[in-house]
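Text of work_8.cif (mmCIF, C-alpha atoms) as supplied:
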data_start
#
loop_
_atom_site.group_PDB
_atom_site.id
_atom_site.type_symbol
_atom_site.label_atom_id
_atom_site.label_comp_id
_atom_site.auth_asym_id
_atom_site.auth_seq_id
_atom_site.Cartn_x
_atom_site.Cartn_y
_atom_site.Cartn_z
ATOM 1 C CA MET A 1 -6.726 -31.583 -106.155
ATOM 2 C CA ALA A 2 -7.998 -28.571 -105.178
ATOM 3 C CA THR A 3 -6.127 -26.620 -102.730
ATOM 4 C CA SER A 4 -7.681 -24.119 -100.650
ATOM 5 C CA PRO A 5 -6.147 -20.819 -100.292
ATOM 6 C CA PRO A 6 -4.100 -20.428 -97.156
ATOM 7 C CA VAL A 7 -6.039 -18.993 -94.256
ATOM 8 C CA ALA A 8 -4.467 -16.043 -92.643
ATOM 9 C CA LEU A 9 -4.402 -16.317 -88.938
ATOM 10 C CA ALA A 10 -4.998 -13.267 -86.861
ATOM 11 C CA PRO A 11 -2.109 -12.231 -84.764
ATOM 12 C CA VAL A 12 -2.387 -13.545 -81.213
ATOM 13 C CA PRO A 13 -2.093 -10.790 -78.664
ATOM 14 C CA PRO A 14 0.650 -11.412 -76.131
ATOM 15 C CA SER A 15 -0.614 -12.899 -72.895
ATOM 16 C CA PRO A 16 -0.327 -10.733 -69.804
ATOM 17 C CA ALA A 17 2.899 -11.312 -67.968
ATOM 18 C CA ARG A 18 2.417 -13.571 -64.982
ATOM 19 C CA PRO A 19 4.688 -12.951 -62.084
ATOM 20 C CA SER A 20 7.120 -15.686 -61.587
ATOM 21 C CA LYS A 21 6.975 -17.889 -58.544
ATOM 22 C CA LEU A 22 10.272 -16.456 -57.347
ATOM 23 C CA TRP A 23 8.752 -12.964 -56.961
ATOM 24 C CA ILE A 24 5.798 -14.306 -54.979
ATOM 25 C CA VAL A 25 8.092 -16.176 -52.605
ATOM 26 C CA LEU A 26 10.295 -13.087 -52.124
ATOM 27 C CA LEU A 27 7.267 -10.914 -51.414
ATOM 28 C CA ILE A 28 5.955 -13.361 -48.791
ATOM 29 C CA VAL A 29 9.380 -13.622 -47.114
ATOM 30 C CA ALA A 30 9.691 -9.812 -46.965
ATOM 31 C CA LEU A 31 6.197 -9.479 -45.476
ATOM 32 C CA VAL A 32 6.873 -12.127 -42.796
ATOM 33 C CA GLY A 33 10.207 -10.460 -41.949
ATOM 34 C CA ALA A 34 8.554 -7.056 -41.562
ATOM 35 C CA LEU A 35 5.854 -8.488 -39.283
ATOM 36 C CA ALA A 36 8.458 -10.274 -37.139
ATOM 37 C CA ALA A 37 10.533 -7.086 -36.805
ATOM 38 C CA ALA A 38 7.474 -5.049 -35.800
ATOM 39 C CA GLY A 39 6.412 -7.663 -33.224
ATOM 40 C CA GLY A 40 9.886 -7.803 -31.714
ATOM 41 C CA TYR A 41 10.052 -4.026 -31.498
ATOM 42 C CA PHE A 42 6.731 -3.804 -29.618
ATOM 43 C CA LEU A 43 7.657 -6.663 -27.244
ATOM 44 C CA LEU A 44 10.995 -5.070 -26.362
ATOM 45 C CA ARG A 45 9.386 -1.668 -25.973
ATOM 46 C CA GLN A 46 6.821 -3.038 -23.503
ATOM 47 C CA ARG A 47 9.393 -4.885 -21.398
ATOM 48 C CA ALA A 48 11.936 -2.056 -21.159
ATOM 49 C CA PRO A 49 9.980 0.348 -18.891
ATOM 50 C CA ALA A 50 8.802 -2.422 -16.549
ATOM 51 C CA ALA A 51 12.285 -3.210 -15.209
ATOM 52 C CA PRO A 52 13.242 0.344 -14.100
ATOM 53 C CA ALA A 53 9.794 0.964 -12.626
ATOM 54 C CA ALA A 54 10.057 -2.145 -10.460
ATOM 55 C CA ALA A 55 13.544 -1.184 -9.313
ATOM 56 C CA ALA A 56 12.475 2.387 -8.505
ATOM 57 C CA ALA A 57 9.470 1.390 -6.369
ATOM 58 C CA PRO A 58 10.385 1.745 -2.698
ATOM 59 C CA VAL A 59 9.886 -1.269 -0.503
ATOM 60 C CA PRO A 60 7.652 -0.287 2.410
ATOM 61 C CA GLU A 61 8.987 -0.971 5.872
ATOM 62 C CA LYS A 62 7.314 -3.683 7.887
ATOM 63 C CA PRO A 63 5.371 -1.945 10.655
ATOM 64 C CA ILE A 64 6.179 -2.788 14.263
ATOM 65 C CA PHE A 65 3.249 -2.648 16.701
ATOM 66 C CA VAL A 66 3.060 -3.062 20.455
ATOM 67 C CA THR A 67 -0.451 -3.883 21.650
ATOM 68 C CA LEU A 68 -1.504 -2.885 25.130
ATOM 69 C CA GLU A 69 -4.122 -4.969 26.889
ATOM 70 C CA PRO A 70 -7.509 -3.221 26.931
ATOM 71 C CA LEU A 71 -7.975 -0.602 29.649
ATOM 72 C CA THR A 72 -11.150 0.343 31.483
ATOM 73 C CA VAL A 73 -11.288 3.700 33.271
ATOM 74 C CA ASN A 74 -13.976 5.811 34.925
ATOM 75 C CA VAL A 75 -14.893 8.941 33.026
ATOM 76 C CA GLN A 76 -16.228 12.137 34.553
ATOM 77 C CA SER A 77 -20.017 12.183 34.582
ATOM 78 C CA GLU A 78 -22.813 13.938 36.398
ATOM 79 C CA GLY A 79 -24.903 11.662 38.557
ATOM 80 C CA ARG A 80 -24.180 8.168 37.273
ATOM 81 C CA GLY A 81 -21.003 6.195 36.856
ATOM 82 C CA ARG A 82 -19.692 5.955 33.305
ATOM 83 C CA PHE A 83 -16.590 4.294 31.956
ATOM 84 C CA LEU A 84 -14.323 4.109 28.938
ATOM 85 C CA HIS A 85 -13.080 0.753 27.637
ATOM 86 C CA VAL A 86 -10.232 1.196 25.167
ATOM 87 C CA GLY A 87 -7.699 -1.020 23.413
ATOM 88 C CA VAL A 88 -4.529 0.669 22.169
ATOM 89 C CA ALA A 89 -1.764 -0.334 19.760
ATOM 90 C CA LEU A 90 1.461 1.665 19.468
ATOM 91 C CA LYS A 91 3.391 1.827 16.200
ATOM 92 C CA VAL A 92 7.133 2.141 16.834
ATOM 93 C CA HIS A 93 10.120 2.663 14.549
ATOM 94 C CA ASP A 94 12.405 -0.172 15.607
ATOM 95 C CA GLU A 95 12.725 -3.327 17.696
ATOM 96 C CA GLN A 96 14.678 -1.505 20.438
ATOM 97 C CA ALA A 97 11.738 0.822 21.089
ATOM 98 C CA LYS A 98 9.397 -2.172 21.162
ATOM 99 C CA ALA A 99 11.610 -3.987 23.683
ATOM 100 C CA ARG A 100 11.814 -0.868 25.880
ATOM 101 C CA ILE A 101 8.013 -0.450 25.845
ATOM 102 C CA VAL A 102 7.484 -4.106 26.770
ATOM 103 C CA GLU A 103 10.035 -3.785 29.577
ATOM 104 C CA PHE A 104 8.314 -0.675 30.978
ATOM 105 C CA MET A 105 4.715 -1.840 30.305
ATOM 106 C CA PRO A 106 3.416 -1.114 33.862
ATOM 107 C CA GLU A 107 4.513 2.508 33.583
ATOM 108 C CA ILE A 108 3.127 2.784 30.041
ATOM 109 C CA ARG A 109 -0.268 1.502 31.196
ATOM 110 C CA SER A 110 -0.235 3.853 34.188
ATOM 111 C CA ARG A 111 0.452 6.864 31.977
ATOM 112 C CA VAL A 112 -2.417 5.934 29.650
ATOM 113 C CA LEU A 113 -4.805 5.343 32.576
ATOM 114 C CA LEU A 114 -3.974 8.736 34.109
ATOM 115 C CA LEU A 115 -4.434 10.442 30.762
ATOM 116 C CA LEU A 116 -7.818 8.814 30.129
ATOM 117 C CA SER A 117 -9.359 9.079 33.591
ATOM 118 C CA ASN A 118 -11.724 11.865 34.572
ATOM 119 C CA ARG A 119 -12.417 12.983 31.018
ATOM 120 C CA PRO A 120 -15.955 14.073 30.213
ATOM 121 C CA PRO A 121 -17.638 11.510 27.931
ATOM 122 C CA GLU A 122 -18.702 14.296 25.563
ATOM 123 C CA SER A 123 -15.030 14.899 24.734
ATOM 124 C CA LEU A 124 -14.706 11.359 23.322
ATOM 125 C CA VAL A 125 -17.550 11.244 20.796
ATOM 126 C CA THR A 126 -16.373 12.486 17.382
ATOM 127 C CA THR A 127 -13.596 11.176 15.168
ATOM 128 C CA ALA A 128 -11.671 14.406 15.705
ATOM 129 C CA ASP A 129 -11.924 13.887 19.483
ATOM 130 C CA LYS A 130 -10.491 10.384 19.158
ATOM 131 C CA ALA A 131 -7.689 11.587 16.857
ATOM 132 C CA ARG A 132 -6.814 14.329 19.366
ATOM 133 C CA LEU A 133 -6.790 11.742 22.179
ATOM 134 C CA ALA A 134 -4.521 9.433 20.143
ATOM 135 C CA GLU A 135 -2.080 12.325 19.633
ATOM 136 C CA GLU A 136 -2.144 13.148 23.366
ATOM 137 C CA ILE A 137 -1.343 9.501 24.164
ATOM 138 C CA ARG A 138 1.481 9.492 21.605
ATOM 139 C CA VAL A 139 3.023 12.655 23.086
ATOM 140 C CA GLU A 140 2.679 11.358 26.677
ATOM 141 C CA LEU A 141 4.219 7.975 25.894
ATOM 142 C CA SER A 142 7.041 9.511 23.849
ATOM 143 C CA ARG A 143 8.519 11.073 26.980
ATOM 144 C CA PRO A 144 11.523 9.159 28.383
ATOM 145 C CA LEU A 145 10.542 6.269 30.618
ATOM 146 C CA GLY A 146 13.329 6.856 33.114
ATOM 147 C CA ALA A 147 16.286 9.048 33.968
ATOM 148 C CA GLY A 148 18.995 8.695 31.375
ATOM 149 C CA LEU A 149 16.797 6.880 28.862
ATOM 150 C CA PRO A 150 16.120 8.326 25.416
ATOM 151 C CA PRO A 151 12.598 9.434 24.441
ATOM 152 C CA GLN A 152 10.383 6.780 22.878
ATOM 153 C CA GLU A 153 9.999 6.837 19.117
ATOM 154 C CA ILE A 154 6.262 6.222 18.822
ATOM 155 C CA ALA A 155 5.053 6.896 15.279
ATOM 156 C CA SER A 156 1.319 6.624 15.934
ATOM 157 C CA VAL A 157 -1.379 5.370 18.263
ATOM 158 C CA SER A 158 -4.270 3.231 17.013
ATOM 159 C CA PHE A 159 -7.430 2.248 18.848
ATOM 160 C CA ASN A 160 -8.495 -1.392 18.608
ATOM 161 C CA THR A 161 -11.565 -0.974 20.790
ATOM 162 C CA PHE A 162 -13.253 2.189 21.986
ATOM 163 C CA VAL A 163 -16.432 2.032 24.078
ATOM 164 C CA VAL A 164 -17.888 4.811 26.231
ATOM 165 C CA GLN A 165 -20.777 3.765 28.493
#

If you took the structure in this file and wrote it as structure tokens, what would it be?
Amino acid sequence: MATSPPVALAPVPPSPARPSKLWIVLLIVALVGALAAAGGYFLLRQRAPAAPAAAAAPVPEKPIFVTLEPLTVNVQSEGRGRFLHVGVALKVHDEQAKARIVEFMPEIRSRVLLLLSNRPPESLVTTADKARLAEEIRVELSRPLGAGLPPQEIASVSFNTFVVQ
């Protein structure tokens, strides 16, 4: 029997090291933990300023208005009769002022009528004219309504209707 000479095998290079499954699992867990921490940080950061801002915002007061029935007065004109038809609302500070105005409504209406009558129609055309008239009405109606009564606390005067013909 013939034997063949032994064949020399070439050395096998070592295979590259494969990471173990344990390292892959640890890497995934660390990545998920980092993402969760970052998400929680951003959520808490967004919610924190909202609470103090809401608490710091002032709550506006509910306005209190007293509406006068529309008034029609003659205005000063040359030759032909002209009139002013106006609706007025008064903004007051409290319910006591509102009750006092309602109680003295005939005098309030009389004061407004006297203030509006015999005005030239040209003095009631522009926005500035109407603003000046509203301020005059506010000042006139802020005077005390009777002896011993306090002055009215009228914050502003608004026009609901305003027609000059």

Step by step, work through what the PyMOL selection byres ((chain A and resi 96) around 12) selects in the shown file, and finish by giving those residues as a PDB file with C-alpha atoms, in the coordinates of the input.
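Heads up, here's the output in out38.pdb:
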ATOM      1  CA  ILE A  64       6.179  -2.788  14.263  1.00  0.00           C
ATOM      2  CA  VAL A  66       3.060  -3.062  20.455  1.00  0.00           C
ATOM      3  CA  VAL A  92       7.133   2.141  16.834  1.00  0.00           C
ATOM      4  CA  HIS A  93      10.120   2.663  14.549  1.00  0.00           C
ATOM      5  CA  ASP A  94      12.405  -0.172  15.607  1.00  0.00           C
ATOM      6  CA  GLU A  95      12.725  -3.327  17.696  1.00  0.00           C
ATOM      7  CA  ALA A  97      11.738   0.822  21.089  1.00  0.00           C
ATOM      8  CA  LYS A  98       9.397  -2.172  21.162  1.00  0.00           C
ATOM      9  CA  ALA A  99      11.610  -3.987  23.683  1.00  0.00           C
ATOM     10  CA  ARG A 100      11.814  -0.868  25.880  1.00  0.00           C
ATOM     11  CA  ILE A 101       8.013  -0.450  25.845  1.00  0.00           C
ATOM     12  CA  VAL A 102       7.484  -4.106  26.770  1.00  0.00           C
ATOM     13  CA  GLU A 103      10.035  -3.785  29.577  1.00  0.00           C
ATOM     14  CA  PRO A 150      16.120   8.326  25.416  1.00  0.00           C
ATOM     15  CA  PRO A 151      12.598   9.434  24.441  1.00  0.00           C
ATOM     16  CA  GLN A 152      10.383   6.780  22.878  1.00  0.00           C
ATOM     17  CA  GLU A 153       9.999   6.837  19.117  1.00  0.00           C
ATOM     18  CA  ILE A 154       6.262   6.222  18.822  1.00  0.00           C
TER      19      ILE A 154
END

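Atom CA of A:Arg109 to atom CA of A:Leu71 spans 8.1 Å [interatomic distance, one decimal].
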
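Excluding A:Ala131 and any residue on its chain fewer than 6 positions from it, the residues at most 12 Å away by all atoms listed in the file are A:Ser123, A:Leu124, A:Val125, A:Ile137, A:Arg138, A:Ser156, A:Val157, A:Ser158, A:Phe159.
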
With 4 Å added on each side, what axis-aligned box encloses every listed atom of stretch 157-165 of chain A? Give the centre and edge lengths in Å to one decimal, as lines of an AutoDock Vina configuration file.
center_x = -11.1
center_y = 2.0
center_z = 22.8
size_x = 27.4
size_y = 14.8
size_z = 19.5

Who sits within 9 Å of A:Arg119, all atoms listed in the file, same chain under 5 positions skipped, as a ChimeraX atom specification: /A:74-77,124

Residues selected by the PyMOL selection byres ((chain A and resi 116) around 9), written as number ranges by chain: A: 73-75, 84, 111-115, 117-119, 133, 137

Straight-line distance linking atom CA of A:Glu69 with atom CA of A:Gly148, stated in Å to one decimal: 27.2 Å

Answer key for the PyMOL selection byres ((chain A and resi 70) around 7), residues as a list in words: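 Selection result, ordered by chain and number: Leu68, Glu69, Leu71, Thr72, His85, Val86, Gly87 and Val88 of chain A.
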
Which residue of A:Asn160, A:Glu107, A:Pro63, A:Ile24 approaches A:Leu145 most closely, using only C-alpha atoms: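 Of A:Asn160, A:Glu107, A:Pro63, A:Ile24, the one nearest A:Leu145 is A:Glu107, counting only C-alpha atoms.
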
For atom CA of A:Phe162 and atom CA of A:Phe104, the interatomic separation in Å (one decimal):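 Separation between atom CA of A:Phe162 and atom CA of A:Phe104: 23.5 Å.
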
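Between A:Pro144 and the candidates A:Pro58, A:Asp129, A:Val163, A:Ile108, the tightest atom-to-atom separation, counting all atoms listed in the file, involves A:Ile108.
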
Atoms are missing here; could stretch 139-150 of chain A be completed with all heavy atoms and written as a CSV table (one decimal), in the coordinates of the input?
chain,number,residue,atom,x,y,z
A,139,VAL,N,2.1,11.7,22.5
A,139,VAL,CA,3.0,12.7,23.1
A,139,VAL,C,3.4,12.2,24.5
A,139,VAL,O,4.6,12.3,24.9
A,139,VAL,CB,2.4,14.1,23.1
A,139,VAL,CG1,3.2,15.0,23.9
A,139,VAL,CG2,2.3,14.6,21.7
A,140,GLU,N,2.4,11.8,25.3
A,140,GLU,CA,2.7,11.4,26.7
A,140,GLU,C,3.6,10.2,26.7
A,140,GLU,O,4.5,10.1,27.5
A,140,GLU,CB,1.4,11.0,27.4
A,140,GLU,CG,1.5,10.5,28.8
A,140,GLU,CD,2.1,11.5,29.8
A,140,GLU,OE1,2.0,12.8,29.5
A,140,GLU,OE2,2.7,11.1,30.7
A,141,LEU,N,3.4,9.2,25.9
A,141,LEU,CA,4.2,8.0,25.9
A,141,LEU,C,5.6,8.2,25.2
A,141,LEU,O,6.5,7.3,25.4
A,141,LEU,CB,3.5,6.8,25.3
A,141,LEU,CG,2.2,6.4,26.0
A,141,LEU,CD1,1.6,5.2,25.3
A,141,LEU,CD2,2.4,6.1,27.4
A,142,SER,N,5.8,9.2,24.5
A,142,SER,CA,7.0,9.5,23.8
A,142,SER,C,8.1,10.1,24.8
A,142,SER,O,9.3,10.1,24.6
A,142,SER,CB,6.9,10.5,22.7
A,142,SER,OG,6.1,9.8,21.6
A,143,ARG,N,7.6,10.6,26.0
A,143,ARG,CA,8.5,11.1,27.0
A,143,ARG,C,9.4,9.9,27.5
A,143,ARG,O,9.0,8.8,27.5
A,143,ARG,CB,7.8,11.7,28.2
A,143,ARG,CG,7.0,12.9,27.8
A,143,ARG,CD,6.4,13.6,29.1
A,143,ARG,NE,5.6,12.7,29.9
A,143,ARG,CZ,5.8,12.4,31.1
A,143,ARG,NH1,6.9,12.9,31.7
A,143,ARG,NH2,5.0,11.6,31.8
A,144,PRO,N,10.6,10.2,27.9
A,144,PRO,CA,11.5,9.2,28.4
A,144,PRO,C,10.9,8.4,29.5
A,144,PRO,O,10.2,9.0,30.4
A,144,PRO,CB,12.8,9.9,28.8
A,144,PRO,CG,12.7,11.2,28.1
A,144,PRO,CD,11.3,11.5,27.9
A,145,LEU,N,11.1,7.1,29.6
A,145,LEU,CA,10.5,6.3,30.6
A,145,LEU,C,11.3,6.3,31.9
A,145,LEU,O,10.9,5.7,32.9
A,145,LEU,CB,10.4,4.8,30.1
A,145,LEU,CG,9.4,4.7,28.9
A,145,LEU,CD1,9.5,3.3,28.3
A,145,LEU,CD2,8.0,4.9,29.4
A,146,GLY,N,12.5,6.8,31.9
A,146,GLY,CA,13.3,6.9,33.1
A,146,GLY,C,14.5,7.8,32.9
A,146,GLY,O,14.8,8.3,31.8
A,147,ALA,N,15.1,8.1,34.0
A,147,ALA,CA,16.3,9.0,34.0
A,147,ALA,C,17.4,8.4,33.1
A,147,ALA,O,17.7,7.2,33.3
A,147,ALA,CB,16.8,9.3,35.4
A,148,GLY,N,17.9,9.2,32.2
A,148,GLY,CA,19.0,8.7,31.4
A,148,GLY,C,18.6,7.9,30.2
A,148,GLY,O,19.4,7.5,29.4
A,149,LEU,N,17.3,7.6,30.0
A,149,LEU,CA,16.8,6.9,28.9
A,149,LEU,C,16.4,7.9,27.8
A,149,LEU,O,15.9,9.0,28.0
A,149,LEU,CB,15.6,6.0,29.2
A,149,LEU,CG,15.9,4.8,30.2
A,149,LEU,CD1,14.6,4.1,30.5
A,149,LEU,CD2,16.9,3.9,29.5
A,150,PRO,N,16.5,7.4,26.5
A,150,PRO,CA,16.1,8.3,25.4
A,150,PRO,C,14.6,8.4,25.3
A,150,PRO,O,13.9,7.5,25.8
A,150,PRO,CB,16.7,7.7,24.2
A,150,PRO,CG,16.8,6.2,24.5
A,150,PRO,CD,17.1,6.2,26.0
